[in-house]
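Source file: data-v6.cif. Holds: mmCIF, C-alpha atoms.
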```cif
data_structure
loop_
_atom_site.group_PDB
_atom_site.id
_atom_site.type_symbol
_atom_site.label_atom_id
_atom_site.label_comp_id
_atom_site.auth_asym_id
_atom_site.auth_seq_id
_atom_site.Cartn_x
_atom_site.Cartn_y
_atom_site.Cartn_z
ATOM 1 C CA MET A 1 0.000 0.000 0.000
ATOM 2 C CA VAL A 2 0.983 3.599 -0.637
ATOM 3 C CA VAL A 3 -0.852 6.171 1.480
ATOM 4 C CA ILE A 4 -0.589 9.948 1.105
ATOM 5 C CA GLY A 5 -2.258 12.556 3.278
ATOM 6 C CA ASP A 6 -2.561 14.374 6.562
ATOM 7 C CA VAL A 7 -0.341 14.012 9.616
ATOM 8 C CA ILE A 8 -1.855 15.617 12.712
ATOM 9 C CA ASP A 9 -1.149 16.039 16.412
ATOM 10 C CA ASP A 10 -4.511 15.368 18.064
ATOM 11 C CA ILE A 11 -5.527 16.732 21.449
ATOM 12 C CA VAL A 12 -8.446 14.510 22.422
ATOM 13 C CA VAL A 13 -10.718 15.957 25.119
ATOM 14 C CA VAL A 14 -13.445 13.827 26.723
ATOM 15 C CA PRO A 15 -15.399 15.964 29.244
ATOM 16 C CA ALA A 16 -16.840 14.094 32.211
ATOM 17 C CA ALA A 17 -19.918 16.354 32.129
ATOM 18 C CA PRO A 18 -21.376 19.086 29.923
ATOM 19 C CA ILE A 19 -18.826 21.850 29.386
ATOM 20 C CA ARG A 20 -19.423 24.767 31.761
ATOM 21 C CA PRO A 21 -18.529 28.266 30.553
ATOM 22 C CA ASP A 22 -16.074 30.402 32.549
ATOM 23 C CA THR A 23 -15.001 27.592 34.893
ATOM 24 C CA ASP A 24 -13.395 24.151 34.948
ATOM 25 C CA THR A 25 -14.931 21.026 33.461
ATOM 26 C CA VAL A 26 -13.247 17.808 34.572
ATOM 27 C CA SER A 27 -12.017 16.008 31.474
ATOM 28 C CA THR A 28 -9.750 13.299 30.180
ATOM 29 C CA ILE A 29 -7.175 14.881 27.866
ATOM 30 C CA ARG A 30 -4.739 12.912 25.725
ATOM 31 C CA PHE A 31 -2.112 14.025 23.212
ATOM 32 C CA VAL A 32 -2.001 11.466 20.406
ATOM 33 C CA PRO A 33 -0.804 11.352 16.794
ATOM 34 C CA GLY A 34 -3.530 11.563 14.186
ATOM 35 C CA GLY A 35 -4.466 12.610 10.695
ATOM 36 C CA SER A 36 -6.938 10.557 8.679
ATOM 37 C CA ALA A 37 -4.442 9.197 6.153
ATOM 38 C CA ALA A 38 -1.704 8.609 8.732
ATOM 39 C CA ASN A 39 -4.212 6.795 10.946
ATOM 40 C CA THR A 40 -5.230 4.550 8.055
ATOM 41 C CA ALA A 41 -1.575 3.796 7.320
ATOM 42 C CA ALA A 42 -1.016 2.838 10.967
ATOM 43 C CA TRP A 43 -4.043 0.541 11.023
ATOM 44 C CA LEU A 44 -2.960 -1.024 7.728
ATOM 45 C CA GLY A 45 0.455 -1.717 9.210
ATOM 46 C CA ALA A 46 -1.102 -3.174 12.350
ATOM 47 C CA ALA A 47 -3.229 -5.427 10.127
ATOM 48 C CA GLY A 48 -0.098 -6.815 8.512
ATOM 49 C CA ALA A 49 0.011 -4.810 5.285
ATOM 50 C CA SER A 50 3.256 -3.438 3.851
ATOM 51 C CA VAL A 51 2.779 0.350 3.863
ATOM 52 C CA ASP A 52 4.607 3.439 2.624
ATOM 53 C CA PHE A 53 3.241 6.754 3.860
ATOM 54 C CA VAL A 54 3.874 10.156 2.270
ATOM 55 C CA GLY A 55 3.140 13.356 4.191
ATOM 56 C CA ILE A 56 4.440 16.699 5.406
ATOM 57 C CA VAL A 57 5.100 17.957 8.950
ATOM 58 C CA GLY A 58 6.823 20.787 10.750
ATOM 59 C CA ALA A 59 10.610 20.723 10.344
ATOM 60 C CA ASP A 60 11.196 19.648 13.959
ATOM 61 C CA ASP A 61 8.703 16.783 13.866
ATOM 62 C CA VAL A 62 9.984 14.544 11.074
ATOM 63 C CA GLU A 63 11.795 12.048 13.281
ATOM 64 C CA ARG A 64 9.026 11.953 15.905
ATOM 65 C CA HIS A 65 6.222 11.232 13.460
ATOM 66 C CA ALA A 66 8.327 8.814 11.437
ATOM 67 C CA ALA A 67 9.029 6.867 14.634
ATOM 68 C CA LEU A 68 5.344 6.853 15.618
ATOM 69 C CA LEU A 69 4.381 5.370 12.257
ATOM 70 C CA ALA A 70 7.278 2.917 12.362
ATOM 71 C CA ARG A 71 5.764 1.404 15.529
ATOM 72 C CA HIS A 72 3.146 -0.095 13.237
ATOM 73 C CA GLY A 73 5.577 -1.117 10.522
ATOM 74 C CA VAL A 74 4.876 1.908 8.307
ATOM 75 C CA ARG A 75 7.723 3.353 6.258
ATOM 76 C CA ALA A 76 7.295 7.130 6.474
ATOM 77 C CA HIS A 77 8.412 9.545 3.769
ATOM 78 C CA LEU A 78 7.891 12.908 5.461
ATOM 79 C CA THR A 79 8.778 16.294 4.007
ATOM 80 C CA PRO A 80 9.891 18.883 6.598
ATOM 81 C CA HIS A 81 8.097 22.199 6.160
ATOM 82 C CA PRO A 82 10.473 25.139 6.689
ATOM 83 C CA SER A 83 7.947 27.462 8.330
ATOM 84 C CA LEU A 84 4.564 25.859 9.079
ATOM 85 C CA PRO A 85 4.011 23.653 12.146
ATOM 86 C CA THR A 86 2.646 20.137 12.086
ATOM 87 C CA GLY A 87 -1.137 20.208 11.826
ATOM 88 C CA THR A 88 -3.081 20.128 15.090
ATOM 89 C CA ILE A 89 -6.684 19.262 15.933
ATOM 90 C CA VAL A 90 -8.479 19.666 19.256
ATOM 91 C CA VAL A 91 -11.081 16.883 19.309
ATOM 92 C CA LEU A 92 -13.989 17.408 21.722
ATOM 93 C CA VAL A 93 -15.710 14.066 22.277
ATOM 94 C CA ALA A 94 -19.315 13.759 23.464
ATOM 95 C CA GLY A 95 -20.473 10.155 23.287
ATOM 96 C CA ASP A 96 -20.362 9.078 19.658
ATOM 97 C CA ARG A 97 -20.207 12.679 18.448
ATOM 98 C CA ARG A 98 -17.183 14.937 17.999
ATOM 99 C CA ALA A 99 -16.361 18.571 17.396
ATOM 100 C CA MET A 100 -12.977 19.328 15.852
ATOM 101 C CA LEU A 101 -11.006 22.565 15.988
ATOM 102 C CA THR A 102 -8.418 22.317 13.231
ATOM 103 C CA GLU A 103 -5.172 23.970 12.233
ATOM 104 C CA ARG A 104 -3.954 22.222 9.086
ATOM 105 C CA GLY A 105 -0.452 23.611 9.445
ATOM 106 C CA ALA A 106 2.076 21.997 7.106
ATOM 107 C CA ASN A 107 -0.621 19.777 5.583
ATOM 108 C CA ALA A 108 -1.818 22.808 3.623
ATOM 109 C CA ASP A 109 1.272 22.404 1.433
ATOM 110 C CA LEU A 110 0.899 18.678 0.800
ATOM 111 C CA ASP A 111 2.019 17.998 -2.769
ATOM 112 C CA PRO A 112 0.602 14.942 -4.593
ATOM 113 C CA ASP A 113 3.724 14.990 -6.763
ATOM 114 C CA ALA A 114 5.672 14.027 -3.626
ATOM 115 C CA VAL A 115 4.733 10.397 -4.337
ATOM 116 C CA PRO A 116 7.639 9.161 -6.476
ATOM 117 C CA ASP A 117 7.141 6.645 -9.262
ATOM 118 C CA GLY A 118 9.384 4.251 -7.357
ATOM 119 C CA LEU A 119 6.818 3.909 -4.567
ATOM 120 C CA LEU A 120 4.032 3.164 -7.030
ATOM 121 C CA GLU A 121 6.038 0.517 -8.858
ATOM 122 C CA GLY A 122 5.218 -2.852 -7.386
ATOM 123 C CA ALA A 123 2.540 -1.515 -5.021
ATOM 124 C CA ALA A 124 -0.963 -2.956 -5.018
ATOM 125 C CA ALA A 125 -2.975 0.141 -4.132
ATOM 126 C CA LEU A 126 -2.908 3.866 -3.409
ATOM 127 C CA TYR A 127 -5.065 5.353 -0.647
ATOM 128 C CA LEU A 128 -5.858 9.028 -0.128
ATOM 129 C CA THR A 129 -8.672 11.191 1.212
ATOM 130 C CA GLY A 130 -10.491 14.338 0.220
ATOM 131 C CA HIS A 131 -8.292 16.240 2.679
ATOM 132 C CA ALA A 132 -5.752 16.335 -0.152
ATOM 133 C CA LEU A 133 -7.939 19.151 -1.501
ATOM 134 C CA ALA A 134 -8.100 21.119 1.751
ATOM 135 C CA GLY A 135 -4.930 23.129 1.237
ATOM 136 C CA ARG A 136 -3.620 24.861 -1.842
ATOM 137 C CA THR A 137 -3.673 21.731 -4.001
ATOM 138 C CA ASP A 138 -5.464 21.936 -7.335
ATOM 139 C CA ALA A 139 -7.925 19.129 -8.074
ATOM 140 C CA ARG A 140 -6.111 18.433 -11.325
ATOM 141 C CA THR A 141 -2.881 17.721 -9.425
ATOM 142 C CA VAL A 142 -4.612 15.065 -7.343
ATOM 143 C CA ARG A 143 -6.187 13.633 -10.487
ATOM 144 C CA THR A 144 -2.710 13.349 -12.027
ATOM 145 C CA LEU A 145 -1.588 11.226 -9.059
ATOM 146 C CA VAL A 146 -4.680 9.031 -9.409
ATOM 147 C CA SER A 147 -3.930 8.618 -13.113
ATOM 148 C CA ARG A 148 -0.274 7.777 -12.442
ATOM 149 C CA ALA A 149 -1.348 5.084 -9.996
ATOM 150 C CA ARG A 150 -3.871 3.597 -12.394
ATOM 151 C CA VAL A 151 -1.329 3.530 -15.245
ATOM 152 C CA ALA A 152 1.015 1.689 -12.872
ATOM 153 C CA GLY A 153 -1.698 -0.921 -12.305
ATOM 154 C CA LEU A 154 -2.727 0.050 -8.770
ATOM 155 C CA GLU A 155 -6.168 0.046 -7.224
ATOM 156 C CA VAL A 156 -6.963 3.583 -6.052
ATOM 157 C CA ALA A 157 -9.036 3.859 -2.873
ATOM 158 C CA VAL A 158 -10.443 7.191 -1.708
ATOM 159 C CA ALA A 159 -12.554 8.600 1.115
ATOM 160 C CA PRO A 160 -14.151 12.083 1.125
ATOM 161 C CA GLY A 161 -12.984 13.016 4.645
ATOM 162 C CA SER A 162 -16.364 14.259 5.904
ATOM 163 C CA ALA A 163 -19.619 15.676 4.602
ATOM 164 C CA GLY A 164 -18.563 19.077 5.920
ATOM 165 C CA HIS A 165 -15.294 18.842 4.035
ATOM 166 C CA LEU A 166 -17.174 17.929 0.850
ATOM 167 C CA ALA A 167 -19.289 21.049 1.313
ATOM 168 C CA ASP A 168 -16.130 23.123 1.712
ATOM 169 C CA VAL A 169 -14.247 21.852 -1.358
ATOM 170 C CA GLY A 170 -17.291 21.122 -3.509
ATOM 171 C CA VAL A 171 -18.615 17.873 -4.929
ATOM 172 C CA ASP A 172 -17.471 18.787 -8.447
ATOM 173 C CA ALA A 173 -13.877 19.352 -7.279
ATOM 174 C CA PHE A 174 -13.928 16.014 -5.459
ATOM 175 C CA ARG A 175 -15.201 14.204 -8.549
ATOM 176 C CA THR A 176 -12.593 15.906 -10.735
ATOM 177 C CA ALA A 177 -9.758 15.033 -8.368
ATOM 178 C CA PHE A 178 -10.656 11.398 -7.845
ATOM 179 C CA GLU A 179 -12.017 10.374 -11.229
ATOM 180 C CA GLY A 180 -10.609 6.957 -12.007
ATOM 181 C CA ALA A 181 -10.588 5.715 -8.413
ATOM 182 C CA THR A 182 -11.614 2.069 -8.101
ATOM 183 C CA ILE A 183 -12.704 1.893 -4.437
ATOM 184 C CA LEU A 184 -14.758 4.516 -2.584
ATOM 185 C CA PHE A 185 -15.363 4.635 1.154
ATOM 186 C CA ALA A 186 -18.177 6.973 2.219
ATOM 187 C CA ASN A 187 -20.451 7.338 5.202
ATOM 188 C CA LEU A 188 -24.154 7.968 4.624
ATOM 189 C CA ASP A 189 -23.919 11.765 4.917
ATOM 190 C CA GLU A 190 -21.028 11.828 2.433
ATOM 191 C CA GLY A 191 -22.869 9.494 0.097
ATOM 192 C CA ARG A 192 -25.944 11.714 0.185
ATOM 193 C CA ALA A 193 -23.818 14.759 -0.614
ATOM 194 C CA LEU A 194 -22.190 12.970 -3.558
ATOM 195 C CA THR A 195 -25.417 11.579 -5.048
ATOM 196 C CA GLY A 196 -28.381 13.649 -3.924
ATOM 197 C CA GLU A 197 -30.081 10.393 -2.897
ATOM 198 C CA THR A 198 -31.402 9.799 0.629
ATOM 199 C CA GLU A 199 -31.971 6.103 1.293
ATOM 200 C CA PRO A 200 -28.834 3.960 1.815
ATOM 201 C CA ASP A 201 -29.613 1.486 -0.971
ATOM 202 C CA ALA A 202 -30.245 4.308 -3.438
ATOM 203 C CA VAL A 203 -27.053 6.080 -2.373
ATOM 204 C CA LEU A 204 -25.083 2.863 -2.842
ATOM 205 C CA ALA A 205 -26.571 2.223 -6.275
ATOM 206 C CA ALA A 206 -25.818 5.768 -7.453
ATOM 207 C CA LEU A 207 -22.211 5.626 -6.247
ATOM 208 C CA ALA A 208 -21.734 2.201 -7.837
ATOM 209 C CA GLN A 209 -22.481 3.744 -11.240
ATOM 210 C CA ARG A 210 -19.272 5.794 -10.893
ATOM 211 C CA VAL A 211 -16.865 3.558 -8.944
ATOM 212 C CA GLU A 212 -16.109 -0.156 -9.314
ATOM 213 C CA THR A 213 -16.323 -0.957 -5.597
ATOM 214 C CA VAL A 214 -18.313 1.139 -3.102
ATOM 215 C CA VAL A 215 -18.315 0.752 0.669
ATOM 216 C CA LEU A 216 -21.045 2.744 2.415
ATOM 217 C CA THR A 217 -20.738 2.914 6.211
ATOM 218 C CA LEU A 218 -23.880 3.314 8.310
ATOM 219 C CA GLY A 219 -22.527 3.711 11.841
ATOM 220 C CA ARG A 220 -24.256 1.379 14.258
ATOM 221 C CA ASP A 221 -26.198 -0.095 11.328
ATOM 222 C CA GLY A 222 -23.015 -1.558 9.849
ATOM 223 C CA ALA A 223 -22.099 -1.123 6.196
ATOM 224 C CA LEU A 224 -23.109 -1.896 2.623
ATOM 225 C CA VAL A 225 -20.662 -3.100 -0.024
ATOM 226 C CA ALA A 226 -21.213 -3.343 -3.770
ATOM 227 C CA GLY A 227 -18.582 -4.100 -6.360
ATOM 228 C CA GLN A 228 -16.433 -6.485 -8.314
ATOM 229 C CA ARG A 229 -16.477 -9.255 -5.709
ATOM 230 C CA GLY A 230 -20.139 -9.240 -4.848
ATOM 231 C CA SER A 231 -22.462 -7.276 -2.618
ATOM 232 C CA ALA A 232 -22.871 -7.565 1.126
ATOM 233 C CA ARG A 233 -24.708 -6.069 4.076
ATOM 234 C CA ILE A 234 -22.363 -6.082 7.071
ATOM 235 C CA ALA A 235 -23.580 -5.845 10.674
ATOM 236 C CA ALA A 236 -21.659 -3.602 13.060
ATOM 237 C CA GLU A 237 -19.710 -5.153 15.932
ATOM 238 C CA SER A 238 -20.518 -4.051 19.468
ATOM 239 C CA ALA A 239 -17.785 -2.212 21.350
ATOM 240 C CA ASP A 240 -17.307 -0.231 24.542
ATOM 241 C CA ALA A 241 -16.912 3.076 22.725
ATOM 242 C CA ILE A 242 -14.514 5.584 24.260
ATOM 243 C CA ASP A 243 -13.640 7.782 21.294
ATOM 244 C CA PRO A 244 -14.972 7.558 17.709
ATOM 245 C CA THR A 245 -11.908 9.375 16.326
ATOM 246 C CA GLY A 246 -10.343 7.339 13.546
ATOM 247 C CA ALA A 247 -13.068 4.692 13.346
ATOM 248 C CA GLY A 248 -13.554 5.348 9.633
ATOM 249 C CA ASP A 249 -9.787 5.222 9.091
ATOM 250 C CA ALA A 250 -9.560 1.844 10.830
ATOM 251 C CA PHE A 251 -12.565 0.609 8.854
ATOM 252 C CA ALA A 252 -10.902 1.512 5.550
ATOM 253 C CA ALA A 253 -7.671 -0.156 6.641
ATOM 254 C CA GLY A 254 -9.425 -3.356 7.663
ATOM 255 C CA PHE A 255 -11.292 -3.531 4.388
ATOM 256 C CA LEU A 256 -8.236 -2.812 2.239
ATOM 257 C CA ALA A 257 -5.919 -5.234 4.045
ATOM 258 C CA SER A 258 -8.459 -8.014 3.546
ATOM 259 C CA TRP A 259 -9.467 -6.955 0.005
ATOM 260 C CA LEU A 260 -5.885 -6.849 -1.241
ATOM 261 C CA ALA A 261 -5.360 -10.326 0.183
ATOM 262 C CA GLY A 262 -8.146 -11.539 -2.121
ATOM 263 C CA ALA A 263 -11.205 -11.459 0.161
ATOM 264 C CA ASP A 264 -14.703 -11.052 -1.238
ATOM 265 C CA ALA A 265 -17.043 -8.199 -0.286
ATOM 266 C CA ALA A 266 -18.491 -9.924 2.783
ATOM 267 C CA ALA A 267 -15.142 -11.010 4.239
ATOM 268 C CA ALA A 268 -13.503 -7.636 3.632
ATOM 269 C CA GLY A 269 -16.481 -5.838 5.166
ATOM 270 C CA THR A 270 -16.375 -8.072 8.224
ATOM 271 C CA ALA A 271 -12.665 -7.379 8.689
ATOM 272 C CA ALA A 272 -13.409 -3.662 8.380
ATOM 273 C CA VAL A 273 -16.078 -3.510 11.092
ATOM 274 C CA ARG A 274 -13.891 -5.608 13.391
ATOM 275 C CA LEU A 275 -11.011 -3.136 13.141
ATOM 276 C CA ALA A 276 -13.368 -0.160 13.520
ATOM 277 C CA ALA A 277 -14.711 -1.688 16.741
ATOM 278 C CA GLN A 278 -11.164 -1.897 18.071
ATOM 279 C CA SER A 279 -10.604 1.739 17.165
ATOM 280 C CA VAL A 280 -13.549 3.213 19.073
ATOM 281 C CA ALA A 281 -12.484 1.362 22.227
ATOM 282 C CA THR A 282 -9.320 3.442 22.648
ATOM 283 C CA PRO A 283 -8.606 7.197 22.740
ATOM 284 C CA GLY A 284 -7.205 8.651 19.536
ATOM 285 C CA GLY A 285 -7.258 7.344 16.016
ATOM 286 C CA ARG A 286 -4.444 4.774 15.963
ATOM 287 C CA PRO A 287 -3.928 1.206 17.225
ATOM 288 C CA SER A 288 -3.550 0.954 21.003
ATOM 289 C CA GLY A 289 -3.910 4.736 21.238
ATOM 290 C CA ILE A 290 -0.324 5.210 20.007
#
```

Would you mind writing the file out in structure tokens?
Amino acid sequence: MVVIGDVIDDIVVVPAAPIRPDTDTVSTIRFVPGGSAANTAAWLGAAGASVDFVGIVGADDVERHAALLARHGVRAHLTPHPSLPTGTIVVLVAGDRRAMLTERGANADLDPDAVPDGLLEGAAALYLTGHALAGRTDARTVRTLVSRARVAGLEVAVAPGSAGHLADVGVDAFRTAFEGATILFANLDEGRALTGETEPDAVLAALAQRVETVVLTLGRDGALVAGQRGSARIAAESADAIDPTGAGDAFAAGFLASWLAGADAAAAGTAAVRLAAQSVATPGGRPSGI
């Protein structure tokens, strides 16, 4: 796998009670590495996949973030930014809901051309998210990377990032950037934004007209898969949820690790929900909270 995208320092805050203005609210606060793409790379590595990750961080953070990814067997190719800091997000967790206060930092200068041809040669798949469009990157530059990967024979898997992010960058820009992708991960809100449909089955059918394999996540209702290796309705696994941060990243990693090993839609979907259940049971978006 080759993964390109955000690297973030997450500050995860879980208040013990509703936040009170102008005074203290007892909370659990953890500083953990994050970033949707980096989280997915870590979960892929933990699932046994061979992973190269391409990203950009503040100049002083290259070794630290490379070491954090290496804990999961990920080979990091990080560009040091000469002036911008590593991206940071304050994640406020309330049950299964989150609010995120974001400074993209160095991620704003992520360059899709930073993926060298040598990494694509011999790889099975490329994974990236809609956050590649959140900085100063032109949609056509992302599309060029997708095209390079397809010419090299790779599957290209993408995820929008969030429905809010889709609203920010625009559905047309997302479609332009990721035309040619072969696997799409989307939650129901993202799927509705991309299709204009409302019901899950209709959303899935509309997305499947554009992408070979579509995985539509439905939260506690599991997931729907439609594509080259069959269709499946996957039940969610129960978990003692602590923090939903990174659940979608773990889901994508579980699906891809199984899919690239030859699994059909049902088996890959089952592996995905299993890894997502592990994710929500620990603070932060990476395996074992690291």

With the PyMOL selection byres ((chain A and resi 145-156) around 12) as the selection, what would be picked from this file? Answer as a VMD selection string, please. chain A and resid 1 to 4 111 to 129 132 137 to 144 157 to 159 175 to 185 211 to 214 256 259 to 260

May I have the residues within 10 Å of Val169 in chain A as a count of residues only, using only C-alpha atoms and disregarding those fewer than 6 positions away in the same chain? 6

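If you count all atoms listed in the file and ignore residues fewer than 4 places along the chain from Ile89 in chain A, what sits within 8 Å of it is Ile8, Asp9, Asp10, Ile11, Met100, Leu101, Thr102, Glu103 and Arg104 of chain A.
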
Nearest to Asp221 in chain A by atom-to-atom distance, counting all atoms listed in the file, from A:Arg30, A:His65, A:Arg233, A:His72: A:Arg233

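Distances here use only C-alpha atoms; by that measure, the residue among A:Ser83, A:Asn39, A:Gln228, A:Thr88 closest to Leu69 in chain A is A:Asn39.
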
Who sits within 8 Å of Gly269 in chain A, all atoms listed in the file, same chain under 3 positions skipped, as an mmCIF file with C-alpha atoms, in the coordinates of the input:
```
data_model
loop_
_atom_site.group_PDB
_atom_site.id
_atom_site.type_symbol
_atom_site.label_atom_id
_atom_site.label_comp_id
_atom_site.auth_asym_id
_atom_site.auth_seq_id
_atom_site.Cartn_x
_atom_site.Cartn_y
_atom_site.Cartn_z
ATOM 1 C CA ALA A 223 -22.099 -1.123 6.196
ATOM 2 C CA VAL A 225 -20.662 -3.100 -0.024
ATOM 3 C CA ALA A 232 -22.871 -7.565 1.126
ATOM 4 C CA ILE A 234 -22.363 -6.082 7.071
ATOM 5 C CA GLY A 254 -9.425 -3.356 7.663
ATOM 6 C CA PHE A 255 -11.292 -3.531 4.388
ATOM 7 C CA ALA A 265 -17.043 -8.199 -0.286
ATOM 8 C CA ALA A 266 -18.491 -9.924 2.783
ATOM 9 C CA ALA A 272 -13.409 -3.662 8.380
ATOM 10 C CA VAL A 273 -16.078 -3.510 11.092
#
```

Applying 12 Å and all atoms listed in the file, which residues near Ser27 in chain A remain after dropping the ones on its own chain fewer than 4 positions away? List them as an MDAnalysis selection string. chainID A and resid 11:20 92:94

Selected residue of minimal separation from Gly55 in chain A among A:Val7, A:Ala263, A:Ala70, A:Ala186, counting only C-alpha atoms: A:Val7

Quick one: apply the PyMOL selection byres ((chain A and resi 250) around 10) to the file and drop the selected residues here as a VMD selection string. chain A and resid 36 39 to 44 46 to 47 245 to 249 251 to 256 271 to 280 285 to 287

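Closest approach to Asp189 in chain A from the set A:Ala202, A:Ala49, A:Ala163, A:Leu207 is made by A:Ala163, with distances taken over only C-alpha atoms.
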
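Between CA of Ile29 in chain A and CA of Ala66 in chain A there is a distance of 23.4 Å.
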
So which residues get picked by the PyMOL selection byres ((chain A and resi 60-63) around 12) here, written as number ranges by chain? A: 7-9, 33, 54-59, 64-70, 75-87, 106

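Residues with any atom within 8 Å of Leu166 in chain A, counting only C-alpha atoms and excluding same-chain neighbours fewer than 6 positions away, are Gly130, Pro160, Phe174, Glu190 and Ala193 of chain A.
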
Protein, DNA and RNA residues within 9 Å of (-25.4, 5.1, -0.3), all atoms listed in the file, as a ChimeraX atom specification: /A:186-192,195,197-208,214-218,224

Given only C-alpha atoms as the counted atoms, nearest of A:Gly196, A:Gly35, A:Gly45, A:Gly219 to Pro244 in chain A: A:Gly219

Could N, CA and C atoms be built for range 64-81 of chain A and written out as a short mmCIF file (atom, residue, chain, number, x, y, z; two decimals), keeping the file's coordinate frame?
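The file below, selection-v1.cif, is the result:
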```cif
data_model
loop_
_atom_site.label_atom_id
_atom_site.label_comp_id
_atom_site.auth_asym_id
_atom_site.auth_seq_id
_atom_site.Cartn_x
_atom_site.Cartn_y
_atom_site.Cartn_z
N ARG A 64 10.05 12.40 14.95
CA ARG A 64 9.03 11.95 15.90
C ARG A 64 7.89 11.25 15.19
N HIS A 65 7.36 11.86 14.14
CA HIS A 65 6.22 11.23 13.46
C HIS A 65 6.64 10.01 12.64
N ALA A 66 7.84 10.01 12.13
CA ALA A 66 8.33 8.81 11.44
C ALA A 66 8.43 7.65 12.41
N ALA A 67 8.91 7.93 13.63
CA ALA A 67 9.03 6.87 14.63
C ALA A 67 7.66 6.36 15.08
N LEU A 68 6.68 7.27 15.21
CA LEU A 68 5.34 6.85 15.62
C LEU A 68 4.71 5.94 14.57
N LEU A 69 4.91 6.24 13.31
CA LEU A 69 4.38 5.37 12.26
C LEU A 69 5.15 4.06 12.17
N ALA A 70 6.45 4.13 12.43
CA ALA A 70 7.28 2.92 12.36
C ALA A 70 6.86 1.90 13.41
N ARG A 71 6.24 2.34 14.51
CA ARG A 71 5.76 1.40 15.53
C ARG A 71 4.78 0.40 14.96
N HIS A 72 4.13 0.79 13.87
CA HIS A 72 3.15 -0.10 13.24
C HIS A 72 3.66 -0.66 11.92
N GLY A 73 4.97 -0.55 11.71
CA GLY A 73 5.58 -1.12 10.52
C GLY A 73 5.46 -0.25 9.28
N VAL A 74 5.07 1.01 9.45
CA VAL A 74 4.88 1.91 8.31
C VAL A 74 6.18 2.62 7.99
N ARG A 75 6.56 2.61 6.72
CA ARG A 75 7.72 3.35 6.26
C ARG A 75 7.28 4.77 5.90
N ALA A 76 7.75 5.76 6.65
CA ALA A 76 7.30 7.13 6.47
C ALA A 76 8.24 7.91 5.58
N HIS A 77 7.66 8.65 4.65
CA HIS A 77 8.41 9.54 3.77
C HIS A 77 7.85 10.95 4.02
N LEU A 78 8.44 11.64 4.99
CA LEU A 78 7.89 12.91 5.46
C LEU A 78 8.75 14.08 5.00
N THR A 79 8.10 15.07 4.42
CA THR A 79 8.78 16.29 4.01
C THR A 79 8.75 17.29 5.16
N PRO A 80 9.90 17.86 5.55
CA PRO A 80 9.89 18.88 6.60
C PRO A 80 9.48 20.24 6.03
N HIS A 81 8.50 20.87 6.63
CA HIS A 81 8.10 22.20 6.16
C HIS A 81 8.96 23.26 6.84
#
```
